[in-house]
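Engineer: The structure's right below; bear with me while I get my questions together.
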Amino acid sequence: MNTTTPRVFIAATRQNDGKTTASLGLIAALQKHFPRVGYIKPVGQRFVEIEEQKIDEDSVLMDAVYSMNCPLVDMSPIAVEPDFTRKYLQSSNNEALVKKIQKAFDRVAWEKDFVLCEGSGHAGVGSVFDLSNAQVAKTLGCKVIIVTQGGIGKPIDEVSLNQALFEKEGVEIIGVILNKVLGEKVDYVTDFARRGLKRKGLDLLGVLPYEQTLCNPSLDLIREELKAGLLNTPPTLHSLVEDVVVGAMSAQNALKFFKRGVLLITPGDREDIILAACTSIDAQSEEKMAGIILTGGLPPGEDVLKLIRTMPIPVLLAQADSYQVASKVHTLIVKTRPSDAEKISLIRDIVAKNVNVKKIINSL
């Protein structure tokens with residue numbers, strides 16, 4: 001296996017702590033020092049099917065943003081399907097999986113100046129099939145950066161747990177990136193987190209401030225998660241949802257909630273609220289609602305549908321009831337997607353300004 005190309009492994013203290021955000025920004029920052037940066041997610045858990053191959057969503061994202069010039073199947077060699085663990089425990093084909101990861105890394109690293117490897121959760125994720133993040137990092141000869149949520153006590157406690165498993169596998173941790181730190185607490189958290197990590201023998205590599213925009217889902221993401229139908233043809237499905245309103249009040253009382261970035265959730269037979277929302281929207285204004293979801297699988301009457309088809313914002317029809325839809329939107333895991341141009345630009349800026357990339361490079 002290639003042992004000469006510089007590489008780093010991005011891990012986390014848990015899923016959805018910001019590995020992909022950090023990776024997306026770090027690739028752009030690393031390209032200023034290494035013109036040709038490769039990417040691999042050795043073990044992926046959320047995948048899409050492309051040309052009959054199961055490819056991790058993050059590999060698709062990185063290739064779309066950075067044009068990696070490498071087959072997607074090599075950037076995502078192992079996709080954990082629903083029955084993957086059961087099959088492994090029956091056959092225990094660890095050697096074949098390890099070789100698959102090593103060969104994929106060789107192809108990803110071909111003619112590259114640097115390779116960024118992204119893990120899938122905390123150090124122990126994948127242990128059940130003997131491919132924990134710690135084991136994969138060791139297999140690829142990587143040093144590790146741990147990404148964790150902002151704070152002091154809890155993040156350092158969780159980093160310590162992960163540190164123990166990486167050290168057990170003989171993997172060196174370069175340092176830690178804190179993510180989603182509230183703006184007014186950045187200086188305070190930076191000071192005390194650095195002190196706490198130093199006591200564990202770890203460096204603080206960066207503190208990323210919390211940005212609400214990065215946590216806001218797009219209408220297209222919500223549509224996919226709900227498997228909802230689209231009732232009109234708006235100019236875009238990529239509007240970000242900043243707030244959610246459930247239309248369970250009178251139409252007159254609902255009017256005050258129809259503001260910029262609002263997603264209205266209401267039963268499909270509440271034509272009074274639907275009409276109030278439709279007539280309140282100025283197609284020329286930038287201050288439009290994000291969209292409307294009609295629930296219960298209840299399409300409104302033909303007259304209202306005609307009006308909906310002229311709307312400049314997405315109007316979706318979901319089969320679930322309003323409570324179920326609102327709950328799903330509230331608990332939605334927001335992942336950055338190739339179409340999220342505003343988010344991607346913001347991530348690059350945040351990482352460039354707040355992560356000590358030179359320190360990372362020197363540590364390698």
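How things are named: the first chain in the structure tokens is A, the next is B, and so on; residues count from 1 in each chain; ligands count from 1 in the order shown.
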Which neighbours of segment 168-175 of chain A fall inside 10 Å, counting only C-alpha atoms, when residues of the same chain fewer than 4 positions from it are skipped, and could you give them as a PyMOL selection string?
Structural biologist: chain A and resi 8-11+134-139+141-147+159+162-164+197-198+201-206+359-364
Engineer: Keeping only N, CA and C atoms, write the selected residues as a short mmCIF file (atom, residue, chain, number, x, y, z; two decimals), in the first residue's frame.
Structural biologist:
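Result written to selection09.cif:
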```
data_model
loop_
_atom_site.label_atom_id
_atom_site.label_comp_id
_atom_site.auth_asym_id
_atom_site.auth_seq_id
_atom_site.Cartn_x
_atom_site.Cartn_y
_atom_site.Cartn_z
N VAL A 8 -4.28 12.44 6.34
CA VAL A 8 -4.82 12.68 7.68
C VAL A 8 -6.22 12.07 7.74
N PHE A 9 -6.60 11.62 8.92
CA PHE A 9 -7.89 10.96 9.12
C PHE A 9 -8.76 11.86 10.01
N ILE A 10 -9.95 12.20 9.52
CA ILE A 10 -10.86 13.05 10.28
C ILE A 10 -11.88 12.16 11.00
N ALA A 11 -11.83 12.16 12.32
CA ALA A 11 -12.76 11.39 13.14
C ALA A 11 -13.62 12.36 13.94
N ALA A 134 -10.67 3.68 14.45
CA ALA A 134 -9.29 3.54 14.94
C ALA A 134 -8.54 2.49 14.14
N GLN A 135 -9.19 1.38 13.84
CA GLN A 135 -8.54 0.31 13.07
C GLN A 135 -8.28 0.74 11.63
N VAL A 136 -9.22 1.47 11.03
CA VAL A 136 -9.05 1.94 9.65
C VAL A 136 -7.92 2.96 9.58
N ALA A 137 -7.87 3.87 10.55
CA ALA A 137 -6.78 4.86 10.59
C ALA A 137 -5.43 4.17 10.69
N LYS A 138 -5.36 3.13 11.49
CA LYS A 138 -4.10 2.36 11.62
C LYS A 138 -3.77 1.67 10.30
N THR A 139 -4.77 1.05 9.68
CA THR A 139 -4.57 0.35 8.41
C THR A 139 -4.00 1.29 7.34
N GLY A 141 -2.33 4.05 7.92
CA GLY A 141 -1.14 4.78 8.38
C GLY A 141 -1.39 6.25 8.58
N CYS A 142 -2.59 6.58 9.11
CA CYS A 142 -2.99 7.99 9.26
C CYS A 142 -2.79 8.49 10.69
N LYS A 143 -2.43 9.76 10.79
CA LYS A 143 -2.62 10.48 12.04
C LYS A 143 -4.02 11.08 12.02
N VAL A 144 -4.55 11.41 13.21
CA VAL A 144 -5.98 11.72 13.33
C VAL A 144 -6.24 13.12 13.85
N ILE A 145 -7.29 13.73 13.32
CA ILE A 145 -7.87 14.95 13.89
C ILE A 145 -9.26 14.57 14.38
N ILE A 146 -9.59 14.94 15.61
CA ILE A 146 -10.91 14.65 16.17
C ILE A 146 -11.76 15.92 16.13
N VAL A 147 -12.94 15.82 15.58
CA VAL A 147 -13.91 16.93 15.56
C VAL A 147 -14.96 16.64 16.63
N VAL A 159 -13.62 13.35 23.97
CA VAL A 159 -12.35 13.22 23.26
C VAL A 159 -11.46 12.20 23.98
N ASN A 162 -12.33 8.66 23.07
CA ASN A 162 -11.85 8.34 21.72
C ASN A 162 -10.33 8.22 21.69
N GLN A 163 -9.67 9.09 22.44
CA GLN A 163 -8.22 9.07 22.51
C GLN A 163 -7.72 7.69 22.99
N ALA A 164 -8.43 7.13 23.95
CA ALA A 164 -8.01 5.83 24.50
C ALA A 164 -8.04 4.74 23.43
N LEU A 197 -7.38 20.40 26.95
CA LEU A 197 -6.81 19.44 26.00
C LEU A 197 -5.31 19.27 26.21
N LYS A 198 -4.65 20.37 26.57
CA LYS A 198 -3.20 20.29 26.81
C LYS A 198 -2.89 19.30 27.93
N GLY A 201 -2.53 16.04 26.61
CA GLY A 201 -1.47 15.89 25.60
C GLY A 201 -1.94 16.18 24.19
N LEU A 202 -3.03 16.96 24.05
CA LEU A 202 -3.61 17.24 22.74
C LEU A 202 -3.61 18.74 22.43
N ASP A 203 -3.48 19.06 21.15
CA ASP A 203 -3.53 20.45 20.71
C ASP A 203 -4.93 20.82 20.26
N LEU A 204 -5.30 22.07 20.49
CA LEU A 204 -6.53 22.62 19.92
C LEU A 204 -6.17 23.23 18.58
N LEU A 205 -6.70 22.66 17.51
CA LEU A 205 -6.34 23.09 16.15
C LEU A 205 -7.27 24.17 15.61
N GLY A 206 -8.45 24.29 16.19
CA GLY A 206 -9.38 25.30 15.69
C GLY A 206 -10.69 25.27 16.43
N LYS A 359 -0.30 24.14 11.20
CA LYS A 359 0.03 23.26 12.34
C LYS A 359 -0.28 21.81 11.99
N ILE A 360 -1.38 21.59 11.28
CA ILE A 360 -1.72 20.23 10.83
C ILE A 360 -0.64 19.69 9.92
N ILE A 361 -0.24 20.50 8.93
CA ILE A 361 0.76 20.06 7.96
C ILE A 361 2.08 19.75 8.66
N ASN A 362 2.49 20.62 9.57
CA ASN A 362 3.74 20.40 10.32
C ASN A 362 3.69 19.13 11.16
N SER A 363 2.51 18.79 11.67
CA SER A 363 2.36 17.60 12.49
C SER A 363 2.51 16.31 11.70
N LEU A 364 2.38 16.42 10.37
CA LEU A 364 2.49 15.24 9.52
C LEU A 364 3.91 15.00 9.05
#
```
Engineer: If you run DSSP on the backbone, which residues of segment 87-283 of chain A are strand (DSSP E), as an MDAnalysis selection string?
Structural biologist: chainID A and resid 114:118 143:149 173:181 203:209 229:230 243:246 262:267
Engineer: Could you pull out the helix (DSSP H, G or I) residues of segment 27-158 of chain A from DSSP and send them as number ranges by chain?
Structural biologist: A: 27-30, 57-66, 72-75, 84-91, 94-109, 127-129, 133-139, 153-158
Engineer: Sort by chain and increasing residue number a table of all residues of segment 274-322 of chain A within 6 Å of segment 234-251 of chain A, each with its closest pair of atoms and their distance in Å to one decimal, counting only C-alpha atoms, and write it as a Markdown table.
Structural biologist:
```
| residue | atom | partner | partner_atom | distance |
| --- | --- | --- | --- | --- |
| A:Ala290 | CA | A:Val241 | CA | 5.7 |
| A:Pro312 | CA | A:Pro234 | CA | 5.0 |
| A:Ile313 | CA | A:Pro234 | CA | 5.3 |
| A:Pro314 | CA | A:Pro234 | CA | 5.5 |
```
